[in-house]
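As stored in work.json (JSON, C-alpha atoms):
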[["chain", "number", "residue", "atom", "x", "y", "z"],
["C", 178, "MET", "CA", 145.42, 70.93, 140.41],
["C", 179, "PHE", "CA", 149.01, 70.80, 139.17],
["C", 180, "LEU", "CA", 149.43, 74.55, 139.82],
["C", 181, "ASN", "CA", 148.24, 74.06, 143.40],
["C", 182, "LEU", "CA", 150.85, 71.36, 143.87],
["C", 183, "LEU", "CA", 153.57, 73.66, 142.53],
["C", 184, "LYS", "CA", 152.48, 76.39, 144.97],
["C", 185, "THR", "CA", 153.34, 74.13, 147.89],
["C", 186, "ILE", "CA", 156.96, 73.78, 146.75],
["C", 187, "PRO", "CA", 158.95, 76.71, 148.18],
["C", 188, "GLY", "CA", 160.79, 78.85, 145.70],
["C", 189, "VAL", "CA", 158.83, 77.73, 142.62],
["C", 190, "TYR", "CA", 155.62, 79.83, 142.67],
["C", 191, "ASN", "CA", 154.48, 82.52, 145.07],
["C", 192, "ASN", "CA", 150.90, 82.85, 146.34],
["C", 193, "SER", "CA", 149.74, 84.85, 143.32],
["C", 194, "GLY", "CA", 150.78, 82.07, 140.95],
["C", 195, "MET", "CA", 153.73, 83.98, 139.53],
["C", 196, "LYS", "CA", 157.07, 82.20, 139.20],
["C", 197, "GLU", "CA", 159.74, 83.36, 141.67],
["C", 198, "LYS", "CA", 163.44, 83.35, 141.12],
["C", 199, "TYR", "CA", 164.85, 80.44, 143.09],
["C", 200, "VAL", "CA", 167.72, 81.39, 145.39],
["C", 201, "SER", "CA", 169.48, 78.50, 147.04],
["C", 202, "THR", "CA", 170.03, 78.49, 150.80],
["C", 203, "GLN", "CA", 173.77, 78.35, 150.18],
["C", 204, "GLU", "CA", 173.60, 81.61, 148.23],
["C", 205, "LYS", "CA", 171.53, 83.21, 151.02],
["C", 206, "ASN", "CA", 174.02, 82.09, 153.67],
["C", 207, "THR", "CA", 177.06, 83.36, 151.78],
["C", 208, "ALA", "CA", 175.37, 86.69, 151.18],
["C", 209, "THR", "CA", 174.70, 87.26, 154.90],
["C", 210, "GLN", "CA", 177.92, 85.79, 156.35],
["C", 211, "PRO", "CA", 181.22, 87.64, 156.33],
["C", 212, "LEU", "CA", 184.10, 86.17, 154.37],
["C", 213, "LYS", "CA", 185.61, 83.16, 156.07],
["C", 214, "GLU", "CA", 189.05, 83.39, 157.56],
["C", 215, "PRO", "CA", 191.72, 81.46, 155.64],
["C", 216, "LEU", "CA", 193.27, 78.40, 157.26],
["C", 217, "LYS", "CA", 196.44, 79.22, 159.20],
["C", 218, "ILE", "CA", 198.73, 76.63, 160.75],
["C", 219, "LEU", "CA", 199.61, 77.92, 164.21],
["C", 220, "PHE", "CA", 201.84, 75.01, 165.23],
["C", 221, "ALA", "CA", 202.80, 71.67, 163.67],
["C", 222, "TRP", "CA", 204.92, 68.74, 164.79],
["C", 223, "LYS", "CA", 205.65, 65.13, 164.01],
["C", 224, "ALA", "CA", 205.44, 62.44, 166.68],
["C", 225, "PRO", "CA", 204.83, 58.72, 167.06],
["C", 226, "SER", "CA", 201.16, 57.73, 166.86],
["C", 227, "ARG", "CA", 201.20, 56.11, 170.34],
["C", 228, "ALA", "CA", 203.40, 55.73, 173.39],
["C", 229, "PHE", "CA", 205.84, 52.86, 173.02],
["C", 230, "LYS", "CA", 208.22, 51.03, 175.31],
["C", 231, "ALA", "CA", 210.49, 48.32, 173.95],
["C", 232, "ARG", "CA", 210.23, 45.07, 175.93],
["C", 233, "ASP", "CA", 212.86, 42.39, 176.24],
["C", 234, "LYS", "CA", 212.54, 38.65, 175.66],
["C", 235, "GLN", "CA", 212.37, 37.88, 179.39],
["C", 236, "TYR", "CA", 209.26, 40.07, 179.78],
["C", 237, "PHE", "CA", 207.35, 38.26, 177.03],
["C", 238, "THR", "CA", 208.47, 34.83, 178.26],
["C", 239, "THR", "CA", 207.00, 35.63, 181.68],
["C", 240, "ILE", "CA", 203.74, 36.91, 180.17],
["C", 241, "PHE", "CA", 203.36, 33.85, 177.92],
["C", 242, "ILE", "CA", 203.96, 31.43, 180.82],
["C", 243, "ILE", "CA", 201.29, 33.17, 182.91],
["C", 244, "ILE", "CA", 198.82, 33.12, 179.99],
["C", 245, "PHE", "CA", 199.59, 29.43, 179.29],
["C", 246, "VAL", "CA", 198.93, 28.40, 182.91],
["C", 247, "LEU", "CA", 195.75, 30.50, 183.03],
["C", 248, "SER", "CA", 194.57, 28.98, 179.75],
["C", 249, "LEU", "CA", 195.18, 25.43, 181.05],
["C", 250, "ILE", "CA", 193.12, 26.15, 184.15],
["C", 251, "LEU", "CA", 190.30, 27.59, 182.04],
["C", 252, "LEU", "CA", 190.40, 24.61, 179.66],
["C", 253, "PHE", "CA", 189.91, 22.22, 182.59],
["C", 254, "ILE", "CA", 186.76, 24.09, 183.61],
["C", 255, "ARG", "CA", 185.60, 24.17, 179.98],
["C", 256, "GLU", "CA", 185.76, 27.94, 179.41],
["C", 257, "PHE", "CA", 186.79, 27.71, 175.76],
["C", 258, "LEU", "CA", 185.43, 31.12, 174.77],
["C", 259, "LEU", "CA", 187.30, 32.85, 177.59],
["C", 260, "VAL", "CA", 190.52, 31.08, 176.56],
["C", 261, "GLY", "CA", 190.01, 32.39, 173.00],
["C", 262, "VAL", "CA", 189.47, 35.95, 174.25],
["C", 263, "ILE", "CA", 192.57, 35.83, 176.48],
["C", 264, "LEU", "CA", 194.73, 34.44, 173.68],
["C", 265, "SER", "CA", 193.52, 37.05, 171.19],
["C", 266, "LEU", "CA", 194.11, 39.91, 173.66],
["C", 267, "THR", "CA", 197.58, 38.52, 174.36],
["C", 268, "PHE", "CA", 198.32, 38.49, 170.65],
["C", 269, "VAL", "CA", 197.17, 42.12, 170.24],
["C", 270, "TYR", "CA", 199.27, 43.17, 173.23],
["C", 271, "TYR", "CA", 202.30, 41.36, 171.83],
["C", 272, "VAL", "CA", 201.93, 43.01, 168.42],
["C", 273, "LEU", "CA", 201.49, 46.49, 169.92],
["C", 274, "SER", "CA", 204.50, 45.94, 172.16],
["C", 275, "THR", "CA", 206.85, 44.74, 169.42],
["C", 276, "VAL", "CA", 205.87, 46.89, 166.41],
["C", 277, "GLU", "CA", 207.10, 50.45, 166.71],
["C", 278, "PRO", "CA", 204.44, 53.11, 166.04],
["C", 279, "GLU", "CA", 204.47, 55.12, 162.84],
["C", 280, "GLU", "CA", 205.32, 58.79, 162.86],
["C", 281, "VAL", "CA", 202.36, 61.08, 162.15],
["C", 282, "GLU", "CA", 201.98, 64.83, 161.73],
["C", 283, "HIS", "CA", 199.77, 66.90, 164.02],
["C", 284, "LYS", "CA", 198.73, 70.51, 163.42],
["C", 285, "ILE", "CA", 197.02, 73.20, 165.45],
["C", 286, "THR", "CA", 195.22, 75.61, 163.14],
["C", 287, "ASN", "CA", 192.90, 78.57, 163.59],
["C", 288, "LYS", "CA", 190.02, 76.24, 162.60],
["C", 289, "GLY", "CA", 190.84, 73.35, 164.94],
["C", 290, "ILE", "CA", 193.24, 70.46, 165.35],
["C", 291, "VAL", "CA", 194.45, 68.10, 162.63],
["C", 292, "PHE", "CA", 195.12, 64.74, 164.28],
["C", 293, "SER", "CA", 196.72, 62.15, 161.98],
["C", 294, "GLY", "CA", 195.17, 63.83, 158.93],
["C", 295, "ILE", "CA", 191.66, 64.18, 160.43],
["C", 296, "GLN", "CA", 190.31, 67.68, 161.09],
["C", 297, "TYR", "CA", 188.60, 68.33, 164.46],
["C", 298, "PRO", "CA", 187.02, 71.83, 164.59],
["C", 299, "TRP", "CA", 187.18, 73.86, 167.83],
["C", 300, "GLU", "CA", 183.41, 73.48, 168.29],
["C", 301, "ASN", "CA", 183.90, 69.72, 168.76],
["C", 302, "LEU", "CA", 186.68, 70.05, 171.36],
["C", 303, "ALA", "CA", 185.97, 70.68, 175.05],
["C", 304, "THR", "CA", 189.09, 70.68, 177.25],
["C", 305, "PHE", "CA", 192.72, 69.57, 177.29],
["C", 306, "PHE", "CA", 195.27, 68.32, 179.81],
["C", 307, "TYR", "CA", 198.64, 66.57, 179.89],
["C", 308, "THR", "CA", 199.64, 63.10, 181.05],
["C", 309, "LYS", "CA", 202.81, 61.06, 180.93],
["C", 310, "ARG", "CA", 203.15, 57.45, 179.83],
["C", 311, "TYR", "CA", 206.48, 55.65, 179.78],
["C", 312, "SER", "CA", 208.82, 58.50, 178.82],
["C", 313, "SER", "CA", 206.35, 60.26, 176.53],
["C", 314, "GLU", "CA", 204.45, 63.47, 177.23],
["C", 315, "ILE", "CA", 200.85, 63.14, 176.00],
["C", 316, "LEU", "CA", 198.43, 65.94, 175.15],
["C", 317, "ASN", "CA", 194.88, 64.70, 175.90],
["C", 318, "ILE", "CA", 192.07, 66.60, 174.19],
["C", 319, "VAL", "CA", 188.52, 65.80, 175.30],
["C", 320, "THR", "CA", 185.94, 65.97, 172.52],
["C", 321, "VAL", "CA", 182.31, 66.99, 172.87],
["C", 322, "SER", "CA", 181.00, 63.84, 171.21],
["C", 323, "LYS", "CA", 181.30, 60.35, 172.66],
["C", 324, "LEU", "CA", 183.38, 59.12, 169.72],
["C", 325, "PRO", "CA", 186.34, 59.44, 169.69],
["C", 326, "GLY", "CA", 185.89, 60.89, 173.20],
["C", 327, "ARG", "CA", 189.52, 61.82, 173.64],
["C", 328, "LEU", "CA", 192.46, 62.51, 171.34],
["C", 329, "PHE", "CA", 195.92, 61.43, 172.47],
["C", 330, "LEU", "CA", 198.76, 63.39, 170.83],
["C", 331, "LEU", "CA", 202.37, 62.75, 171.78],
["C", 332, "ILE", "CA", 204.36, 65.97, 172.12],
["C", 333, "ASN", "CA", 207.94, 67.05, 172.83],
["C", 334, "SER", "CA", 208.42, 68.38, 176.36],
["C", 335, "GLU", "CA", 210.03, 71.55, 174.95],
["C", 336, "ASP", "CA", 206.86, 72.36, 172.98],
["C", 337, "LYS", "CA", 204.48, 72.06, 175.95],
["C", 338, "LYS", "CA", 204.42, 75.80, 176.81],
["C", 339, "THR", "CA", 203.87, 76.84, 173.19],
["C", 340, "ILE", "CA", 201.06, 74.32, 172.70],
["C", 341, "THR", "CA", 199.40, 75.33, 175.99],
["C", 342, "LYS", "CA", 199.52, 79.02, 175.03],
["C", 343, "ILE", "CA", 197.87, 78.34, 171.64],
["C", 344, "LEU", "CA", 195.25, 75.88, 172.89],
["C", 345, "SER", "CA", 194.24, 78.13, 175.81],
["C", 346, "LYS", "CA", 192.92, 80.68, 173.31],
["C", 347, "TYR", "CA", 190.36, 78.18, 172.01],
["C", 348, "ILE", "CA", 189.62, 75.55, 174.68],
["C", 349, "GLU", "CA", 189.99, 75.30, 178.46],
["C", 350, "GLU", "CA", 192.85, 73.53, 180.21],
["C", 351, "VAL", "CA", 191.92, 71.34, 183.18],
["C", 352, "ASP", "CA", 194.26, 69.98, 185.85],
["C", 353, "THR", "CA", 192.28, 66.92, 186.93],
["C", 354, "PRO", "CA", 190.29, 65.40, 184.09],
["C", 355, "GLN", "CA", 187.04, 63.55, 184.59],
["C", 356, "GLU", "CA", 187.85, 59.84, 184.67],
["C", 357, "GLY", "CA", 186.15, 57.78, 182.04],
["C", 358, "LEU", "CA", 186.18, 54.11, 181.13],
["C", 359, "THR", "CA", 189.55, 54.45, 179.36],
["C", 360, "GLU", "CA", 191.33, 55.76, 182.46],
["C", 361, "ARG", "CA", 189.78, 53.13, 184.73],
["C", 362, "ILE", "CA", 191.00, 50.35, 182.42],
["C", 363, "MET", "CA", 194.54, 51.74, 182.10]]
Same coordinates, now as structure tokens:
Amino acid sequence: MFLNLLKTIPGVYNNSGMKEKYVSTQEKNTATQPLKEPLKILFAWKAPSRAFKARDKQYFTTIFIIIFVLSLILLFIREFLLVGVILSLTFVYYVLSTVEPEEVEHKITNKGIVFSGIQYPWENLATFFYTKRYSSEILNIVTVSKLPGRLFLLINSEDKKTITKILSKYIEEVDTPQEGLTERIM
């Protein structure tokens, strides 16, 4: 009975009841695959983590007056939850507009892209294109999976040709990207 149970476990006993040498699947895979290529950094740069435009006091005063009037109207019609959402979104916008972004390092390697310390292999990246926001040039990389969906990397305008040449070897460049929810909101 116990021997029959052991026969059903692969790699323990063969059909004749003799014990086999167990070889792990990792050992089998490394024996059949060629040696992996070492990681090479093809291009690296440092840039702010997001596009940023400094706003003056007059801009925020105008925004806060509009939000205050809108909130008063919503309070009169008893939309307390909507007032809370508007105030919280205003706070987030204010913080993102006043706090300068941190500087992060991006790398293009032979294995994929390192975006803010996170590795994205070439198999998970679909296409790329460029956009401009404020005075910043942005490299947009579309991922295969829904999350994150798209990577936004700020680049120097001088490095655009070099980055395009390297990325074109691994993923396709598109001129007009497919619009998603993010583009429709912005």
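For the choices C:Thr239, C:Ser345, C:Thr308, C:Ser313, the atom-to-atom distance to Ile285 in chain C is smallest for C:Ser345 when using only C-alpha atoms.
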Between CA of Leu331 in chain C and CA of Ala224 in chain C - distance in Å to one decimal:
6.0 Å
So the first atom is CA of Lys230 in chain C and the second is CA of Ser312 in chain C; what is the distance between them in Å, to one decimal place?
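If I compute the distance from CA of Lys230 in chain C to CA of Ser312 in chain C, I get 8.3 Å.
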Mind giving me the straight-line distance from CA of Ile240 in chain C to CA of Tyr271 in chain C in Å, one decimal?
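Taking CA of Ile240 in chain C as the start and CA of Tyr271 in chain C as the end point, the length is 9.6 Å.
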Draw an axis-aligned box tight on the listed atoms of range 275-291 of chain C, then pad every side by 5 Å and write out centre and edge lengths in Å to one decimal as JSON.
{"center_x": 198.6, "center_y": 61.7, "center_z": 165.6, "size_x": 27.1, "size_y": 43.8, "size_z": 17.7}
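Using all atoms listed in the file, the smallest distance between any of C:Glu256, C:Glu214, C:Glu356, C:Glu282 and Gly326 in chain C comes from C:Glu356.
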Show which residues sit within 10 Å of Ile218 in chain C, as a list in words. Count all atoms listed in the file, and ignore same-chain residues fewer than 6 positions away.
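These residues fall inside the cut-off: Lys284, Ile285, Thr286, Asn287, Lys288, Gly289, Ile290 and Val291 of chain C.
Residue nearest Lys223 in chain C, chosen from C:Tyr236, C:Phe292, C:Tyr270, C:Phe241 and counting all atoms listed in the file: C:Phe292.
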Show me, as a VMD selection string, the residues that have an atom within 8 Å of Leu316 in chain C when counting all atoms listed in the file, minus same-chain residues fewer than 3 positions from it.
chain C and resid 305 to 308 328 to 332
